[in-house]
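Pasting target07.cif here (mmCIF, C-alpha atoms):
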```
data_upload
loop_
_atom_site.label_atom_id
_atom_site.label_comp_id
_atom_site.auth_asym_id
_atom_site.auth_seq_id
_atom_site.Cartn_x
_atom_site.Cartn_y
_atom_site.Cartn_z
CA GLY A 285 -24.90 -22.52 19.08
CA LEU A 286 -21.99 -22.17 16.71
CA PRO A 287 -19.04 -19.99 17.78
CA HIS A 288 -19.46 -16.53 16.31
CA SER A 289 -18.44 -12.91 16.72
CA GLU A 290 -21.03 -10.38 17.85
CA CYS A 291 -18.97 -7.41 16.68
CA GLY A 292 -17.39 -8.59 13.41
CA GLY A 293 -18.52 -10.11 10.14
CA ALA A 294 -22.28 -10.18 9.66
CA TRP A 295 -22.81 -8.48 13.03
CA ALA A 296 -20.32 -5.64 12.49
CA LEU A 297 -22.73 -2.84 11.48
CA GLY A 298 -25.07 -3.40 14.39
CA ALA A 299 -22.51 -4.02 17.13
CA GLU A 300 -22.60 -1.28 19.74
CA ARG A 301 -18.85 -1.35 20.30
CA ASN A 302 -18.28 -0.60 16.60
CA ARG A 303 -20.61 2.41 16.52
CA SER A 304 -18.82 4.82 18.85
CA SER A 305 -16.43 7.56 17.73
CA PHE A 306 -12.67 7.25 17.37
CA TYR A 307 -10.05 9.89 18.05
CA MET A 308 -7.51 10.10 15.21
CA VAL A 309 -3.88 10.89 16.03
CA ARG A 310 -1.63 11.54 13.05
CA ASP A 311 2.16 11.20 13.52
CA PRO A 312 1.81 10.00 17.14
CA ARG A 313 4.74 9.97 19.55
CA ALA A 314 5.53 7.72 22.49
CA ASP A 315 6.17 10.70 24.78
CA THR A 316 2.78 12.37 24.18
CA MET A 317 0.44 9.39 24.28
CA GLU A 318 -1.00 10.32 27.67
CA ASP A 319 -2.10 13.69 26.26
CA TRP A 320 -3.90 12.06 23.31
CA ILE A 321 -5.55 9.51 25.59
CA ASP A 322 -6.87 12.36 27.76
CA CYS A 323 -8.18 14.17 24.67
CA ALA A 324 -9.96 11.05 23.42
CA ARG A 325 -11.67 10.52 26.78
CA LEU A 326 -12.69 14.18 27.05
CA CYS A 327 -14.31 13.90 23.61
CA GLY A 328 -16.23 10.80 24.62
CA CYS A 329 -14.40 8.62 22.11
CA THR A 330 -13.83 4.94 22.83
CA THR A 331 -11.07 4.24 20.30
CA LEU A 332 -7.67 5.83 19.82
CA HIS A 333 -6.80 5.70 16.12
CA LEU A 334 -3.06 5.85 15.40
CA ASP A 335 -2.08 6.99 11.90
CA TRP A 336 1.38 7.24 10.36
CA TRP A 337 3.27 5.72 13.26
CA TRP A 338 5.52 4.25 10.56
CA GLN A 339 8.50 5.89 8.86
CA ARG A 340 6.75 8.03 6.26
CA SER A 341 9.88 8.57 4.18
CA GLU A 342 9.96 4.82 3.50
CA GLY A 343 6.21 4.43 3.16
CA GLU A 344 3.98 1.41 3.31
CA GLY A 345 4.80 -2.22 2.66
CA HIS A 346 6.97 -3.39 5.54
CA TYR A 347 5.74 -0.46 7.68
CA PRO A 348 8.96 0.30 9.60
CA VAL A 349 8.17 1.99 12.91
CA ALA A 350 9.30 5.63 13.07
CA THR A 351 12.02 5.29 15.71
CA ASN A 352 12.43 9.07 15.93
CA ARG A 353 8.97 9.05 17.56
CA PHE A 354 8.94 5.52 19.02
CA PRO A 355 12.62 4.96 19.96
CA ARG A 356 12.09 1.31 20.97
CA GLY A 357 10.09 0.53 17.85
CA LEU A 358 7.25 -1.93 18.29
CA SER A 359 7.83 -2.10 22.05
CA ASP A 360 6.95 1.59 22.36
CA LEU A 361 3.98 1.13 20.04
CA ARG A 362 2.68 -1.70 22.20
CA ASP A 363 3.17 0.40 25.34
CA ALA A 364 1.01 3.09 23.72
CA SER A 365 -1.76 0.52 23.18
CA LEU A 366 -1.46 -0.75 26.73
CA LYS A 367 -1.77 2.79 28.11
CA ALA A 368 -4.92 3.32 26.03
CA HIS A 369 -6.34 -0.01 27.20
CA ALA A 370 -5.66 0.92 30.83
CA ALA A 371 -7.69 4.09 30.25
CA GLY A 372 -10.60 2.08 28.89
CA LEU A 373 -9.92 2.76 25.20
CA LYS A 374 -9.40 0.45 22.24
CA THR A 375 -6.59 1.13 19.77
CA ASP A 376 -6.98 1.18 16.02
CA THR A 377 -4.22 1.36 13.41
CA HIS A 378 -4.38 3.02 10.03
CA THR A 379 -3.13 1.33 6.89
CA LEU A 380 -3.24 2.01 3.17
CA SER A 381 -4.59 -1.30 1.95
CA GLY A 382 -2.21 -3.20 -0.30
CA CYS A 383 0.00 -0.13 -0.85
CA ILE A 384 3.77 -0.41 -1.14
CA GLY A 385 5.89 2.71 -0.74
CA PHE A 386 8.45 3.73 -3.36
CA LYS A 387 11.39 3.07 -1.02
CA ASP A 388 10.23 -0.30 0.27
CA SER A 389 12.43 -3.34 -0.36
CA TRP A 390 9.66 -4.87 -2.51
CA VAL A 391 10.31 -1.97 -4.90
CA THR A 392 14.01 -1.21 -4.73
CA PRO A 393 16.69 -2.13 -5.71
CA HIS A 394 14.85 -4.94 -7.56
CA ALA A 395 11.14 -4.44 -8.17
CA SER A 396 8.92 -7.37 -7.29
CA PRO A 397 7.33 -9.12 -10.29
CA HIS A 398 4.13 -9.10 -8.23
CA LEU A 399 3.56 -5.35 -8.15
CA MET A 400 0.12 -4.87 -9.71
CA ARG A 401 0.15 -3.91 -13.36
CA LYS A 402 -2.49 -2.02 -15.27
CA TYR A 403 -1.36 -2.99 -18.79
CA ARG A 404 1.21 -5.30 -20.36
CA TYR A 405 3.07 -4.57 -23.59
CA THR A 406 5.91 -6.37 -25.41
CA LEU A 407 9.37 -4.92 -26.03
CA SER A 408 9.82 -4.70 -29.81
CA LYS A 409 13.51 -3.72 -29.84
CA SER A 410 16.32 -4.72 -27.49
CA ILE A 411 17.67 -1.87 -25.37
CA GLY A 412 20.96 -1.25 -23.62
CA SER A 413 21.46 0.25 -20.20
CA ALA A 414 21.75 3.80 -21.56
CA ASP A 415 18.78 3.79 -23.95
CA THR A 416 15.95 6.20 -23.13
CA VAL A 417 13.34 5.08 -25.67
CA ILE A 418 11.37 1.88 -25.09
CA TYR A 419 9.70 0.49 -28.22
CA VAL A 420 6.68 -1.81 -27.86
CA ASN A 421 4.62 -3.90 -30.27
CA GLU A 422 1.25 -2.72 -29.06
CA ARG A 423 -0.30 0.72 -29.22
CA PRO A 424 -0.24 2.23 -25.69
CA LYS A 425 -3.62 2.68 -24.04
CA ASP A 426 -5.09 6.16 -23.89
CA ASP A 427 -5.25 6.52 -20.12
CA HIS A 428 -1.51 6.63 -19.40
CA ASP A 429 -0.40 9.52 -17.20
CA TYR A 430 2.88 11.39 -17.40
CA SER A 431 3.82 11.77 -13.75
CA VAL A 432 3.47 10.08 -10.38
CA GLY A 433 0.69 11.59 -8.25
CA TYR A 434 -1.78 10.90 -5.49
CA ASN A 435 -4.82 10.45 -7.73
CA ASN A 436 -3.41 9.51 -11.12
CA ASN A 437 -2.12 6.34 -12.78
CA GLY A 438 1.56 7.22 -12.74
CA ASN A 439 4.21 6.93 -15.45
CA VAL A 440 6.09 3.84 -14.32
CA LEU A 441 7.06 0.85 -16.46
CA ARG A 442 8.62 -2.41 -15.29
CA LEU A 443 11.10 -4.34 -17.42
CA GLY A 444 12.33 -7.35 -15.49
CA THR A 445 13.16 -5.94 -12.04
CA GLU A 446 14.01 -2.46 -13.34
CA LEU A 447 11.55 0.42 -13.09
CA VAL A 448 11.50 3.16 -15.72
CA GLN A 449 9.67 6.50 -15.83
CA TYR A 450 8.72 7.94 -19.22
CA THR A 451 7.88 11.54 -20.14
CA GLY A 452 6.41 10.99 -23.61
CA ILE A 453 4.44 8.41 -25.61
CA SER A 454 4.36 7.69 -29.34
CA TYR A 455 0.81 6.61 -30.19
CA ASP A 456 1.69 6.15 -33.86
CA PRO A 457 4.02 3.43 -35.18
CA PRO A 458 6.64 2.78 -34.08
CA TYR A 459 4.92 2.74 -30.70
CA ALA A 460 7.22 3.85 -27.91
CA PHE A 461 7.67 5.40 -24.50
CA THR A 462 10.15 8.26 -24.76
CA GLY A 463 12.27 10.48 -22.53
CA CYS A 464 12.75 7.62 -20.10
CA THR A 465 14.58 7.75 -16.78
CA ARG A 466 16.20 4.37 -16.29
CA GLY A 467 16.58 2.79 -12.86
CA ALA A 468 13.71 4.81 -11.38
CA PHE A 469 13.19 4.63 -7.62
CA GLY A 470 16.72 3.34 -7.15
CA THR A 471 16.23 0.11 -9.09
CA GLU A 472 19.20 -1.50 -10.80
CA VAL A 473 19.55 -0.83 -14.53
CA PHE A 474 19.83 -3.75 -16.96
CA PRO A 475 19.88 -4.23 -20.75
CA HIS A 476 16.68 -5.91 -21.97
CA LYS A 477 16.07 -8.22 -24.91
CA VAL A 478 13.31 -7.96 -27.47
CA GLY A 479 10.16 -9.87 -26.56
CA ILE A 480 10.14 -9.36 -22.80
CA PRO A 481 7.04 -7.90 -21.07
CA VAL A 482 6.83 -4.16 -20.50
CA ASP A 483 4.36 -3.66 -17.66
CA TYR A 484 2.60 -0.39 -16.90
CA ILE A 485 2.61 -0.48 -13.09
CA TRP A 486 -0.53 0.64 -11.29
CA GLN A 487 0.23 3.64 -9.08
CA HIS A 488 -2.16 5.50 -6.81
CA TYR A 489 -1.94 7.30 -3.48
CA MET A 490 1.80 7.82 -4.10
CA ALA A 491 2.38 4.07 -3.87
CA PHE A 492 2.35 0.82 -5.83
CA PHE A 493 0.09 -2.13 -5.00
CA ALA A 494 0.58 -5.83 -4.41
CA ASP A 495 -1.33 -8.02 -6.86
CA PRO A 496 -3.93 -9.87 -4.74
CA ASP A 497 -3.54 -12.93 -7.00
CA SER A 498 0.17 -13.19 -6.19
CA PRO A 499 2.18 -14.48 -3.21
CA LEU A 500 3.26 -10.90 -2.46
CA ILE A 501 -0.08 -10.11 -0.83
CA ASP A 502 0.40 -13.10 1.48
CA GLU A 503 3.85 -11.81 2.45
CA MET A 504 2.41 -8.36 3.13
CA ALA A 505 -0.42 -9.81 5.21
CA GLY A 506 2.07 -11.79 7.27
CA VAL A 507 4.27 -8.75 7.89
CA PHE A 508 1.37 -6.52 8.89
CA GLY A 509 -0.24 -9.27 10.97
CA LYS A 510 2.88 -9.46 13.16
CA ILE A 511 2.97 -5.67 13.54
CA TYR A 512 -0.71 -5.65 14.46
CA ALA A 513 -0.28 -8.33 17.11
CA LYS A 514 2.97 -6.98 18.58
CA GLY A 515 1.56 -3.46 18.59
CA GLY A 516 -1.38 -4.59 20.73
CA PHE A 517 -4.00 -3.17 18.37
CA ASP A 518 -7.71 -4.03 18.53
CA GLN A 519 -8.87 -2.80 15.13
CA VAL A 520 -7.60 -1.88 11.65
CA TYR A 521 -8.81 0.86 9.33
CA PHE A 522 -8.24 -0.46 5.81
CA ASP A 523 -8.05 2.91 4.10
CA GLY A 524 -7.65 3.04 0.33
CA ALA A 525 -8.97 -0.46 -0.34
CA GLU A 526 -10.67 0.87 -3.44
CA GLY A 527 -7.22 1.50 -4.90
CA VAL A 528 -6.72 -2.24 -5.32
CA ALA A 529 -9.88 -2.48 -7.43
CA ASN A 530 -9.40 0.67 -9.49
CA ALA A 531 -6.51 -0.59 -11.62
CA THR A 532 -9.17 -1.73 -14.08
CA ASN A 533 -12.22 -0.06 -15.56
CA PRO A 534 -14.75 -1.05 -14.37
CA PRO A 535 -13.18 -1.66 -10.94
CA ASP A 536 -12.35 -5.25 -10.09
CA GLU A 537 -14.07 -5.67 -6.73
CA ARG A 538 -12.92 -9.29 -6.57
CA LYS A 539 -9.31 -8.15 -6.26
CA ARG A 540 -10.19 -5.69 -3.51
CA ASP A 541 -12.13 -8.31 -1.54
CA LEU A 542 -9.40 -10.90 -2.01
CA SER A 543 -6.78 -8.44 -0.76
CA LEU A 544 -8.81 -7.69 2.36
CA ARG A 545 -9.44 -11.37 3.03
CA LYS A 546 -5.71 -12.05 2.81
CA PHE A 547 -4.98 -9.25 5.28
CA PHE A 548 -7.63 -10.48 7.72
CA GLY A 549 -6.06 -13.91 7.48
CA GLY A 550 -2.66 -12.45 8.33
CA LEU A 551 -4.11 -10.71 11.39
CA ALA A 552 -5.93 -13.80 12.62
CA ALA A 553 -2.89 -16.03 12.01
CA ASN A 554 -0.97 -13.96 14.54
CA GLY A 555 -3.50 -14.66 17.27
CA ASN A 556 -5.26 -11.34 17.43
CA ALA A 557 -8.20 -11.14 15.02
CA PRO A 558 -9.59 -7.60 14.72
CA LEU A 559 -12.89 -6.52 16.23
#
```
Show how you would write the structure in this file as structure tokens.
Amino acid sequence: GLPHSECGGAWALGAERNRSSFYMVRDPRADTMEDWIDCARLCGCTTLHLDWWWQRSEGEGHYPVATNRFPRGLSDLRDASLKAHAAGLKTDTHTLSGCIGFKDSWVTPHASPHLMRKYRYTLSKSIGSADTVIYVNERPKDDHDYSVGYNNNGNVLRLGTELVQYTGISYDPPYAFTGCTRGAFGTEVFPHKVGIPVDYIWQHYMAFFADPDSPLIDEMAGVFGKIYAKGGFDQVYFDGAEGVANATNPPDERKRDLSLRKFFGGLAANGNAPL
């Protein structure tokens, strides 16, 4: 018959190897992996799930390995997988799907034009580098938030490659975002001319997101695919995938599915498709 997978795709839910328990290790370390492997086996788990092995202060995106816990970087991470495999376990890596941390190079010092936006407005008055009020032609939408948080929309605007955080909104003419902090998240400050887009950047889970319809998601998939292959992982937990869809109301499930397909492509392209 045709080549097929008995544990992925259409067969995933019924595959026996996908139905056993996993043992989740948060903030793992190279020097304690044997202990966690023993715990997983004692619990009858078949998969060792490694979460936050990356540098949490820098966040998601390029996923830099936390060298304070894995001194040799990806080499230590791969050794951890090999030790688990030798003990009869699979290894699974956590990820926040499509998320990009605030300190990632796709954010600072020059924000990518492909960070997902929730709304787009138009600058109605040119501003200099020191101005703290951003005037727009359109009335701001009602579901703007006023701070960055885990479960809210954030308060971040993008003008060119600069990010700005506002503290107030004028919903009556002249429409404006007020009390702005320029050069937010370490981005470079620029003057901006009337007529340019003012994008309300989608923020959730203390991160931004790559637009699945942009080349940024392909870059992210390639980066994570190499980490996945070099780390010797067998599976991926795509946590937070709903965040990609929830930038719109109702949620755009097409964007979520496209993002996941791009990531699966990045994993497979590196010669180690997930179970």
Output the residue selection produced by the PyMOL selection byres ((chain A and resi 418) around 12) on the file above, formatted as an mmCIF file with C-alpha atoms, in the coordinates of the input.
```cif
data_model
loop_
_atom_site.group_PDB
_atom_site.id
_atom_site.type_symbol
_atom_site.label_atom_id
_atom_site.label_comp_id
_atom_site.auth_asym_id
_atom_site.auth_seq_id
_atom_site.Cartn_x
_atom_site.Cartn_y
_atom_site.Cartn_z
ATOM 1 C CA TYR A 405 3.070 -4.570 -23.590
ATOM 2 C CA THR A 406 5.910 -6.370 -25.410
ATOM 3 C CA LEU A 407 9.370 -4.920 -26.030
ATOM 4 C CA SER A 408 9.820 -4.700 -29.810
ATOM 5 C CA LYS A 409 13.510 -3.720 -29.840
ATOM 6 C CA SER A 410 16.320 -4.720 -27.490
ATOM 7 C CA ILE A 411 17.670 -1.870 -25.370
ATOM 8 C CA GLY A 412 20.960 -1.250 -23.620
ATOM 9 C CA SER A 413 21.460 0.250 -20.200
ATOM 10 C CA ALA A 414 21.750 3.800 -21.560
ATOM 11 C CA ASP A 415 18.780 3.790 -23.950
ATOM 12 C CA THR A 416 15.950 6.200 -23.130
ATOM 13 C CA VAL A 417 13.340 5.080 -25.670
ATOM 14 C CA TYR A 419 9.700 0.490 -28.220
ATOM 15 C CA VAL A 420 6.680 -1.810 -27.860
ATOM 16 C CA ASN A 421 4.620 -3.900 -30.270
ATOM 17 C CA GLU A 422 1.250 -2.720 -29.060
ATOM 18 C CA PRO A 424 -0.240 2.230 -25.690
ATOM 19 C CA LEU A 441 7.060 0.850 -16.460
ATOM 20 C CA ARG A 442 8.620 -2.410 -15.290
ATOM 21 C CA LEU A 443 11.100 -4.340 -17.420
ATOM 22 C CA VAL A 448 11.500 3.160 -15.720
ATOM 23 C CA GLN A 449 9.670 6.500 -15.830
ATOM 24 C CA TYR A 450 8.720 7.940 -19.220
ATOM 25 C CA THR A 451 7.880 11.540 -20.140
ATOM 26 C CA GLY A 452 6.410 10.990 -23.610
ATOM 27 C CA ILE A 453 4.440 8.410 -25.610
ATOM 28 C CA SER A 454 4.360 7.690 -29.340
ATOM 29 C CA PRO A 458 6.640 2.780 -34.080
ATOM 30 C CA TYR A 459 4.920 2.740 -30.700
ATOM 31 C CA ALA A 460 7.220 3.850 -27.910
ATOM 32 C CA PHE A 461 7.670 5.400 -24.500
ATOM 33 C CA THR A 462 10.150 8.260 -24.760
ATOM 34 C CA GLY A 463 12.270 10.480 -22.530
ATOM 35 C CA CYS A 464 12.750 7.620 -20.100
ATOM 36 C CA THR A 465 14.580 7.750 -16.780
ATOM 37 C CA ARG A 466 16.200 4.370 -16.290
ATOM 38 C CA PRO A 475 19.880 -4.230 -20.750
ATOM 39 C CA HIS A 476 16.680 -5.910 -21.970
ATOM 40 C CA LYS A 477 16.070 -8.220 -24.910
ATOM 41 C CA VAL A 478 13.310 -7.960 -27.470
ATOM 42 C CA GLY A 479 10.160 -9.870 -26.560
ATOM 43 C CA ILE A 480 10.140 -9.360 -22.800
ATOM 44 C CA PRO A 481 7.040 -7.900 -21.070
ATOM 45 C CA VAL A 482 6.830 -4.160 -20.500
ATOM 46 C CA ASP A 483 4.360 -3.660 -17.660
#
```
| request: Record the distance separating atom CA of Leu447 of chain A and atom CA of Trp390 of chain A, expressed in Å with one decimal. | output: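 These two atoms are separated by 12.0 Å.
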| task | Evaluate the PyMOL selection byres ((chain A and resi 364) around 9) on the structure here and hand back the selected residues as number ranges by chain. | result | A: 313-314, 317-318, 359-363, 365-369, 375, 515-516
| query | What does the distance between atom CA of Tyr512 of chain A and atom CA of Leu551 of chain A come to in Å, to one decimal place? | reply |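 Going from atom CA of Tyr512 of chain A over to atom CA of Leu551 of chain A, I get 6.8 Å.
Among A:Ser431, A:Thr471, A:Thr445, A:Ser543, the residue with the shortest atom-to-atom distance to Lys387 of chain A, counting all atoms listed in the file, is A:Thr471.
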| field | Length of the atom CA of Ser498 of chain A to atom CA of Asp536 of chain A vector [Å] | value |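 Pair atom CA of Ser498 of chain A / atom CA of Asp536 of chain A returns 15.3 Å.
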| message | Once the PyMOL selection byres ((chain A and resi 323) around 12) is applied to the coordinates I shared, what remains selected? I want it as JSON, numbers by chain. | response | {"A": [306, 307, 308, 309, 316, 317, 318, 319, 320, 321, 322, 324, 325, 326, 327, 328, 329, 330, 331, 332, 368, 371, 373]}
| Neighbour list for Pro496 of chain A as number ranges by chain, cut-off 9 Å, only C-alpha atoms, skip fewer than 5 positions in-chain | A: 382, 398, 400, 501-502, 528, 539-544, 546
Selected residues, C-alpha atoms, written as a short mmCIF file (atom, residue, chain, number, x, y, z; two decimals), in the frame of the given file, please.
```cif
data_model
loop_
_atom_site.label_atom_id
_atom_site.label_comp_id
_atom_site.auth_asym_id
_atom_site.auth_seq_id
_atom_site.Cartn_x
_atom_site.Cartn_y
_atom_site.Cartn_z
CA GLY A 382 -2.21 -3.20 -0.30
CA HIS A 398 4.13 -9.10 -8.23
CA MET A 400 0.12 -4.87 -9.71
CA ILE A 501 -0.08 -10.11 -0.83
CA ASP A 502 0.40 -13.10 1.48
CA VAL A 528 -6.72 -2.24 -5.32
CA LYS A 539 -9.31 -8.15 -6.26
CA ARG A 540 -10.19 -5.69 -3.51
CA ASP A 541 -12.13 -8.31 -1.54
CA LEU A 542 -9.40 -10.90 -2.01
CA SER A 543 -6.78 -8.44 -0.76
CA LEU A 544 -8.81 -7.69 2.36
CA LYS A 546 -5.71 -12.05 2.81
#
```
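Among the candidates A:Pro534, A:Asp311, A:Gly357, A:Phe492, the one nearest to Arg340 of chain A when counting all atoms listed in the file is A:Asp311.
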